[in-house]
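Printed here is my_file_28.txt (compact mmCIF, C-alpha atoms):
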```
# COMPACT_ATOMS: atom_id res chain seq x y z
CA MET V 16 0.00 0.00 0.00
CA PRO V 17 1.43 3.44 -0.91
CA SER V 18 2.21 5.73 2.01
CA PHE V 19 -0.06 8.60 2.94
CA ASP V 20 2.75 10.96 1.90
CA ALA V 21 2.55 9.62 -1.65
CA CYS V 22 -1.25 9.88 -1.68
CA PHE V 23 -1.14 13.43 -0.34
CA LEU V 24 1.48 14.57 -2.86
CA LEU V 25 -0.76 13.50 -5.72
CA VAL V 26 -2.85 16.65 -5.14
CA PHE V 27 0.10 18.77 -6.33
CA GLY V 28 0.40 16.68 -9.48
CA GLN V 29 -3.34 16.96 -10.13
CA LEU V 30 -3.20 20.74 -9.72
CA ALA V 31 -0.34 20.95 -12.22
CA VAL V 32 -2.11 18.89 -14.90
CA GLY V 33 -5.53 20.45 -14.31
CA GLY V 34 -4.06 23.94 -14.30
CA ILE V 35 -2.34 23.44 -17.65
CA ALA V 36 -5.64 22.14 -19.04
CA ALA V 37 -7.58 25.15 -17.73
CA LEU V 38 -5.25 27.60 -19.48
CA ALA V 39 -6.89 26.61 -22.76
CA VAL V 40 -10.28 27.96 -21.61
CA PRO V 41 -9.74 31.76 -21.58
CA PRO V 42 -9.22 33.20 -25.08
CA PHE V 43 -5.49 33.66 -25.65
CA ALA V 44 -5.97 36.65 -27.95
CA VAL V 45 -7.96 38.60 -25.35
CA LEU V 46 -5.73 38.22 -22.30
CA GLU V 47 -2.25 39.63 -21.94
CA ARG V 48 0.65 37.18 -22.06
CA GLY V 49 1.50 37.97 -18.44
CA PHE V 50 -1.53 36.06 -17.17
CA TYR V 51 -0.42 32.89 -18.91
CA LYS V 52 3.19 33.33 -17.78
CA SER V 53 2.28 33.76 -14.12
CA SER V 54 -0.36 31.02 -14.12
CA ALA V 55 1.76 28.49 -16.00
CA GLY V 56 4.60 29.30 -13.60
CA VAL V 57 2.39 28.33 -10.65
CA PHE V 58 1.42 25.03 -12.27
CA VAL V 59 4.96 24.17 -13.32
CA GLY V 60 6.05 24.87 -9.74
CA SER V 61 3.37 22.47 -8.52
CA ALA V 62 4.66 19.82 -10.93
CA VAL V 63 8.22 20.32 -9.68
CA LEU V 64 7.06 19.94 -6.06
CA TYR V 65 5.26 16.70 -6.88
CA LEU V 66 8.17 15.28 -8.87
CA ALA V 67 10.69 16.15 -6.15
CA GLY V 68 8.48 14.77 -3.38
CA LYS V 69 7.66 11.57 -5.25
CA SER V 70 11.30 10.97 -6.13
CA PHE V 71 12.34 11.49 -2.50
CA LEU V 72 9.70 9.05 -1.23
CA VAL V 73 10.69 6.41 -3.76
CA LEU V 74 14.40 6.73 -2.96
CA ARG V 75 13.65 6.67 0.78
CA THR V 76 12.13 3.20 0.50
CA GLY V 77 15.49 1.80 -0.62
CA HIS V 78 13.83 -0.73 -2.95
CA PRO V 79 11.94 1.10 -5.69
CA SER V 80 9.84 -1.00 -8.03
CA PRO V 81 9.84 -0.76 -11.84
CA GLY V 82 6.40 0.86 -11.57
CA ASP V 83 7.88 3.62 -9.42
CA PHE V 84 10.42 4.44 -12.11
CA VAL V 85 7.68 4.51 -14.75
CA VAL V 86 5.63 6.96 -12.68
CA ILE V 87 8.62 9.21 -11.99
CA GLY V 88 9.61 9.09 -15.65
CA CYS V 89 6.13 10.14 -16.77
CA TRP V 90 6.00 13.01 -14.30
CA ALA V 91 9.50 14.12 -15.22
CA ALA V 92 8.52 14.18 -18.90
CA PHE V 93 5.39 16.20 -18.09
CA THR V 94 7.35 18.67 -15.95
CA LEU V 95 9.89 19.21 -18.73
CA ALA V 96 7.17 19.65 -21.36
CA ALA V 97 5.21 22.07 -19.16
CA SER V 98 8.44 24.02 -18.56
CA ALA V 99 8.99 24.16 -22.31
CA TYR V 100 5.49 25.56 -22.75
CA LEU V 101 6.16 28.15 -20.05
CA ALA V 102 9.39 29.15 -21.78
CA SER V 103 7.55 29.49 -25.11
CA LEU V 104 5.34 32.21 -23.60
CA TRP V 105 8.33 34.55 -23.57
CA GLY V 106 8.91 34.13 -27.28
CA THR V 107 7.03 35.24 -30.36
CA ASP V 108 6.94 31.86 -32.10
CA ALA V 109 3.27 30.90 -32.03
CA ARG V 110 4.01 27.54 -33.63
CA ARG V 111 6.28 26.63 -30.73
CA ARG V 112 3.51 27.38 -28.23
CA ALA V 113 1.05 25.42 -30.36
CA ARG V 114 3.35 22.39 -30.29
CA THR V 115 4.47 22.45 -26.67
CA TYR V 116 1.04 22.99 -25.09
CA PRO V 117 -0.76 19.83 -26.32
CA PHE V 118 2.44 17.84 -25.79
CA ALA V 119 2.59 18.96 -22.16
CA LEU V 120 -1.11 18.29 -21.60
CA GLY V 121 -0.90 14.83 -23.16
CA LEU V 122 2.08 13.89 -21.01
CA GLY V 123 0.21 15.18 -17.95
CA VAL V 124 -2.71 12.89 -18.67
CA LEU V 125 -0.27 10.01 -19.19
CA ALA V 126 1.37 10.78 -15.84
CA LEU V 127 -2.00 10.66 -14.07
CA ILE V 128 -2.77 7.33 -15.75
CA ALA V 129 0.59 5.97 -14.55
CA SER V 130 -0.12 7.13 -11.00
CA ALA V 131 -3.59 5.59 -11.13
CA SER V 132 -2.13 2.22 -12.14
CA VAL V 133 -0.06 2.13 -8.95
CA HIS V 134 -3.19 2.35 -6.78
CA ARG V 135 -5.53 0.25 -8.94
CA LEU V 136 -7.36 -2.66 -7.32
CA GLY V 137 -8.06 -5.47 -9.74
CA PRO V 138 -6.53 -6.85 -12.93
CA LEU V 139 -5.61 -4.88 -16.01
CA LEU V 140 -8.73 -6.03 -17.88
CA SER V 141 -11.23 -4.61 -15.41
CA ALA V 142 -13.41 -1.53 -14.97
CA ALA V 143 -10.89 -0.16 -12.47
CA THR V 144 -8.36 0.35 -15.28
CA LEU V 145 -10.64 3.03 -16.75
CA LEU V 146 -12.26 4.37 -13.57
CA TYR V 147 -9.10 5.11 -11.60
CA PRO V 148 -7.57 7.44 -14.25
CA LEU V 149 -10.97 9.09 -14.82
CA ALA V 150 -11.36 9.85 -11.11
CA PHE V 151 -7.83 11.28 -10.89
CA LEU V 152 -8.24 13.25 -14.12
CA THR V 153 -11.63 14.82 -13.31
CA GLY V 154 -10.34 15.77 -9.87
CA ALA V 155 -7.34 17.39 -11.56
CA LEU V 156 -9.60 19.32 -13.96
CA ALA V 157 -11.69 20.65 -11.06
CA LEU V 158 -8.59 21.71 -9.14
CA GLY V 159 -7.11 23.39 -12.20
CA ALA V 160 -10.37 25.15 -13.04
CA VAL V 161 -10.87 26.71 -9.62
CA GLY V 162 -7.18 27.61 -9.30
CA THR V 163 -7.09 29.27 -12.70
CA GLY V 164 -10.36 31.06 -11.93
CA MET V 165 -8.80 32.58 -8.83
CA LEU V 166 -5.67 33.60 -10.75
CA LEU V 167 -7.72 35.15 -13.54
CA GLY V 168 -9.80 37.08 -11.03
CA HIS V 169 -6.62 38.71 -9.75
CA TRP V 170 -5.66 39.66 -13.28
CA TYR V 171 -8.62 42.07 -13.36
CA LEU V 172 -6.69 44.21 -10.85
CA ILE V 173 -3.99 44.63 -13.50
CA ASP V 174 -6.05 44.85 -16.68
CA LEU V 175 -8.89 47.13 -15.58
CA GLY V 176 -10.53 47.22 -19.00
CA LEU V 177 -10.68 43.46 -19.45
CA SER V 178 -14.04 42.03 -20.51
CA ILE V 179 -15.93 39.86 -18.02
CA GLU V 180 -16.33 37.14 -20.66
CA PRO V 181 -13.05 35.25 -19.95
CA LEU V 182 -13.96 34.89 -16.27
CA ARG V 183 -17.47 33.76 -17.16
CA ARG V 184 -16.10 31.13 -19.52
CA LEU V 185 -13.73 29.87 -16.86
CA PHE V 186 -16.53 29.78 -14.30
CA ASP V 187 -18.70 27.70 -16.64
CA TYR V 188 -15.78 25.35 -17.14
CA PHE V 189 -15.31 25.11 -13.37
CA VAL V 190 -18.96 24.10 -12.83
CA VAL V 191 -18.83 21.52 -15.64
CA THR V 192 -15.66 19.92 -14.25
CA LEU V 193 -17.17 19.74 -10.75
CA LEU V 194 -20.34 18.07 -12.03
CA LEU V 195 -18.27 15.68 -14.14
CA HIS V 196 -16.07 14.84 -11.16
CA VAL V 197 -19.06 14.09 -8.92
CA GLY V 198 -20.57 11.92 -11.64
CA VAL V 199 -17.34 9.96 -12.10
CA LEU V 200 -16.99 9.44 -8.33
CA VAL V 201 -20.55 8.11 -8.05
CA VAL V 202 -20.15 5.81 -11.07
CA THR V 203 -16.81 4.58 -9.72
CA LEU V 204 -18.34 3.81 -6.34
CA VAL V 205 -21.27 1.94 -7.87
CA ILE V 206 -19.34 -0.09 -10.46
CA LEU V 207 -16.50 -1.05 -8.13
CA GLY V 208 -19.01 -1.87 -5.40
CA LEU V 209 -20.79 -4.30 -7.71
CA SER V 210 -17.58 -5.95 -8.83
CA ARG V 211 -16.01 -8.99 -7.28
CA GLY V 212 -12.53 -9.20 -5.86
CA PRO V 213 -10.49 -6.62 -3.95
CA ALA V 214 -12.30 -3.59 -5.37
CA GLY V 215 -15.70 -4.83 -4.21
CA SER V 216 -14.26 -5.66 -0.79
CA ALA V 217 -12.72 -2.20 -0.55
CA VAL V 218 -16.08 -0.53 -1.28
CA ALA V 219 -17.74 -2.74 1.34
CA ALA V 220 -15.08 -1.71 3.86
CA LEU V 221 -15.61 1.93 2.89
CA TRP V 222 -19.34 1.70 3.66
CA THR V 223 -18.82 -0.05 6.99
CA GLU V 224 -15.70 1.67 8.32
CA HIS V 225 -15.39 5.03 6.54
CA ARG V 226 -18.94 6.19 5.77
CA ASP V 227 -18.45 9.49 7.59
CA LEU V 228 -15.20 10.15 5.76
CA LEU V 229 -16.91 9.57 2.40
CA GLY V 230 -19.75 11.91 3.37
CA LEU V 231 -17.33 14.64 4.39
CA ARG V 232 -15.33 14.13 1.19
CA LEU V 233 -18.41 14.87 -0.92
CA LEU V 234 -20.06 17.46 1.31
CA LEU V 235 -16.98 19.58 2.06
CA GLY V 236 -15.58 19.12 -1.43
CA PRO V 237 -17.47 19.32 -4.72
CA ILE V 238 -20.95 19.78 -3.22
CA ALA V 239 -19.89 22.79 -1.14
CA ALA V 240 -17.99 24.17 -4.13
CA LEU V 241 -21.09 23.83 -6.33
CA VAL V 242 -23.18 25.72 -3.77
CA LEU V 243 -20.55 28.44 -3.74
CA GLY V 244 -20.64 28.41 -7.53
CA HIS V 245 -24.20 29.76 -7.34
CA PHE V 246 -22.93 32.86 -5.55
CA ILE V 247 -20.06 33.28 -7.99
CA HIS V 248 -22.60 33.19 -10.80
CA ARG V 249 -24.65 35.91 -9.11
CA THR V 250 -21.62 38.17 -8.66
CA LEU V 251 -20.66 37.75 -12.31
CA LEU V 252 -24.12 38.93 -13.33
CA ILE V 253 -23.57 42.30 -11.60
CA PRO V 254 -20.67 42.08 -12.72
CA GLN V 255 -18.31 42.29 -9.72
CA THR V 256 -15.00 40.59 -10.46
CA MET V 257 -13.38 41.20 -7.06
CA ALA V 258 -16.27 39.62 -5.19
CA ALA V 259 -16.15 36.68 -7.59
CA THR V 260 -12.40 36.34 -6.99
CA GLY V 261 -12.96 36.25 -3.24
CA LEU V 262 -15.53 33.51 -3.68
CA PHE V 263 -13.09 31.59 -5.90
CA TYR V 264 -10.67 31.77 -2.95
CA ILE V 265 -13.22 29.97 -0.78
CA ALA V 266 -14.11 27.56 -3.57
CA ILE V 267 -10.50 26.47 -4.02
CA LEU V 268 -10.35 25.66 -0.31
CA PHE V 269 -13.42 23.43 -0.65
CA VAL V 270 -12.04 21.66 -3.71
CA ILE V 271 -8.63 21.11 -2.08
CA VAL V 272 -10.20 19.85 1.15
CA GLY V 273 -12.32 17.45 -0.88
CA GLU V 274 -9.29 16.14 -2.77
CA LEU V 275 -7.25 15.77 0.43
CA LEU V 276 -10.07 13.78 2.02
CA GLY V 277 -10.19 11.76 -1.19
CA ARG V 278 -6.48 11.04 -0.85
CA LEU V 279 -7.12 9.90 2.72
CA ILE V 280 -9.74 7.48 1.37
CA LEU V 281 -7.19 6.38 -1.24
CA TYR V 282 -4.68 5.66 1.54
CA GLN V 283 -7.22 3.84 3.71
CA THR V 284 -8.96 1.78 1.02
CA SER V 285 -7.02 2.18 -2.28
CA LEU V 286 -10.22 3.57 -3.84
CA PRO V 287 -9.84 6.63 -6.14
CA LEU V 288 -12.47 8.74 -4.44
```

Could the structure of this file be written out as structure tokens, please?
Amino acid sequence: MPSFDACFLLVFGQLAVGGIAALAVPPFAVLERGFYKSSAGVFVGSAVLYLAGKSFLVLRTGHPSPGDFVVIGCWAAFTLAASAYLASLWGTDARRRARTYPFALGLGVLALIASASVHRLGPLLSAATLLYPLAFLTGALALGAVGTGMLLGHWYLIDLGLSIEPLRRLFDYFVVTLLLHVGVLVVTLVILGLSRGPAGSAVAALWTEHRDLLGLRLLLGPIAALVLGHFIHRTLLIPQTMAATGLFYIAILFVIVGELLGRLILYQTSLPL
């Protein structure tokens, strides 16, 4: 069973991948390059933290497995590609940005799939092979959406004439990713619960021993963030970008708390919730 440290660190990796994905939502031609530079810098920093922490934990064990090296290799490749995309933002070569961005995003998805395989319960040819990466990926998208929303809200302090449309688009994306994440979590719980073998046993143990933890994970995570999303929507109708940014601050706390509780469930049961 992976250590809680490894489960906890995964949140940094999810933020990095989800943040890079969310940068494609606001229109590049409307926003100044500085927003993308600062935001991508935050997400690359998160990737570096995850890679360094994961590498340290693997080396500390003294007997790393081949799977550990695959995971570290995938995250190292993603971190390098995301850094290349960040560097491209200082240049004028649009083709370079167009090449490095999808490459970085694809490697990020691959890194999440590799991490999911380490925790998977069940054989390769099982529903878990698809559900584990989906749960990690949708959680990453929600984290990236709310983090990028908060960063974009701050950009309105710099670009006072910026249209409200980019923030509205990012808010819509945030709500969609939250709903998708909740849906994937519910489907994962149901399908794995109906399956035989270790996954079904883990869901049974979750219901009997960790019901309260599961409830808190959903209530203090995506459900609370969705409720807060209603108030963000109302502030954007005014429109009041600073109030919306403040609410994004609270929303990111809910999403992070939900993911941390999910990583505690992952540590306790090996379920990707």

Selection: 10 Å around V:Arg114, all atoms listed in the file, excl. self and same-chain fewer than 6 positions, as a list of chain:residue names:
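In the requested format, the answer is V:Ala99, V:Tyr100, V:Ser103.
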
Per-residue nearest contacts stretch 149-236 of chain V to stretch 39-51 of chain V, cut-off 12 Å, using all atoms listed in the file, as JSON lines:
```
{"residue": "V:Leu156", "atom": "CA", "partner": "V:Val40", "partner_atom": "CA", "distance": 11.6}
{"residue": "V:Gly159", "atom": "CA", "partner": "V:Val40", "partner_atom": "CA", "distance": 10.9}
{"residue": "V:Ala160", "atom": "CA", "partner": "V:Val40", "partner_atom": "CA", "distance": 9.0}
{"residue": "V:Thr163", "atom": "CA", "partner": "V:Val40", "partner_atom": "CA", "distance": 9.6}
{"residue": "V:Gly164", "atom": "CA", "partner": "V:Pro41", "partner_atom": "CA", "distance": 9.7}
{"residue": "V:Met165", "atom": "CA", "partner": "V:Phe50", "partner_atom": "CA", "distance": 11.6}
{"residue": "V:Leu166", "atom": "CA", "partner": "V:Phe50", "partner_atom": "CA", "distance": 8.0}
{"residue": "V:Leu167", "atom": "CA", "partner": "V:Phe50", "partner_atom": "CA", "distance": 7.2}
{"residue": "V:Gly168", "atom": "CA", "partner": "V:Phe50", "partner_atom": "CA", "distance": 10.4}
{"residue": "V:His169", "atom": "CA", "partner": "V:Phe50", "partner_atom": "CA", "distance": 9.4}
{"residue": "V:Trp170", "atom": "CA", "partner": "V:Phe50", "partner_atom": "CA", "distance": 6.7}
{"residue": "V:Tyr171", "atom": "CA", "partner": "V:Phe50", "partner_atom": "CA", "distance": 10.0}
{"residue": "V:Leu172", "atom": "CA", "partner": "V:Phe50", "partner_atom": "CA", "distance": 11.5}
{"residue": "V:Ile173", "atom": "CA", "partner": "V:Phe50", "partner_atom": "CA", "distance": 9.6}
{"residue": "V:Asp174", "atom": "CA", "partner": "V:Glu47", "partner_atom": "CA", "distance": 8.3}
{"residue": "V:Leu175", "atom": "CA", "partner": "V:Leu46", "partner_atom": "CA", "distance": 11.6}
{"residue": "V:Gly176", "atom": "CA", "partner": "V:Leu46", "partner_atom": "CA", "distance": 10.7}
{"residue": "V:Leu177", "atom": "CA", "partner": "V:Leu46", "partner_atom": "CA", "distance": 7.8}
{"residue": "V:Ser178", "atom": "CA", "partner": "V:Val45", "partner_atom": "CA", "distance": 8.5}
{"residue": "V:Ile179", "atom": "CA", "partner": "V:Pro41", "partner_atom": "CA", "distance": 10.8}
{"residue": "V:Glu180", "atom": "CA", "partner": "V:Pro41", "partner_atom": "CA", "distance": 8.6}
{"residue": "V:Pro181", "atom": "CA", "partner": "V:Pro41", "partner_atom": "CA", "distance": 5.1}
{"residue": "V:Leu182", "atom": "CA", "partner": "V:Pro41", "partner_atom": "CA", "distance": 7.5}
{"residue": "V:Arg183", "atom": "CA", "partner": "V:Pro41", "partner_atom": "CA", "distance": 9.1}
{"residue": "V:Arg184", "atom": "CA", "partner": "V:Pro41", "partner_atom": "CA", "distance": 6.7}
{"residue": "V:Leu185", "atom": "CA", "partner": "V:Val40", "partner_atom": "CA", "distance": 6.2}
{"residue": "V:Phe186", "atom": "CA", "partner": "V:Val40", "partner_atom": "CA", "distance": 9.8}
{"residue": "V:Asp187", "atom": "CA", "partner": "V:Val40", "partner_atom": "CA", "distance": 9.8}
{"residue": "V:Tyr188", "atom": "CA", "partner": "V:Val40", "partner_atom": "CA", "distance": 7.6}
{"residue": "V:Phe189", "atom": "CA", "partner": "V:Val40", "partner_atom": "CA", "distance": 10.1}
```

Looking at only C-alpha atoms, which of V:Gly208, V:Gly60, V:Gly33, V:Gly261 is the one that sits closest to V:Leu243?
V:Gly261

Would you work out the distance separating atom CA of V:Thr115 from atom CA of V:Gly88, expressed in Å to one decimal?
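Value for the atom CA of V:Thr115-atom CA of V:Gly88 distance: 18.1 Å.
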
Which one is closest to V:Tyr147: V:Leu281, V:Ala31, V:Ser210, V:Ala240? Count only C-alpha atoms.
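Ranked by minimum distance to V:Tyr147, first place goes to V:Leu281.
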
If we count all atoms listed in the file and set the cut-off at 7 Å, which residues sit around stretch 62-77 of chain V, ignoring sequence neighbours fewer than 5 positions away in its own chain? Please answer as a list in words.
Ala21, Leu24, Leu25, Phe27, Gly28, Ala31, Asp83, Ile87, Trp90, Ala91 and Thr94 of chain V

Find the residues near stretch 247-250 of chain V: any atom within 7 Å, counting only C-alpha atoms, skip ones fewer than 4 places away on the same chain, and give them as a PyMOL selection string.
chain V and resi 243+254-255+258-259+262

With all atoms listed in the file as the basis for distance, which of V:Ala157, V:Leu241, V:Leu95, V:Leu146 is at the shortest distance from V:Ser132?
V:Leu146

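Counting from atom CA of V:Leu136, the distance to atom CA of V:Ala214 is 5.4 Å.
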
Counting all atoms listed in the file, the residue among V:Leu229, V:Gly137, V:Met257, V:Thr284 that lies closest to V:Arg211 is V:Gly137

Point-to-point distance in Å for atom CA of V:Gly236 and atom CA of V:Ala217:
21.5 Å
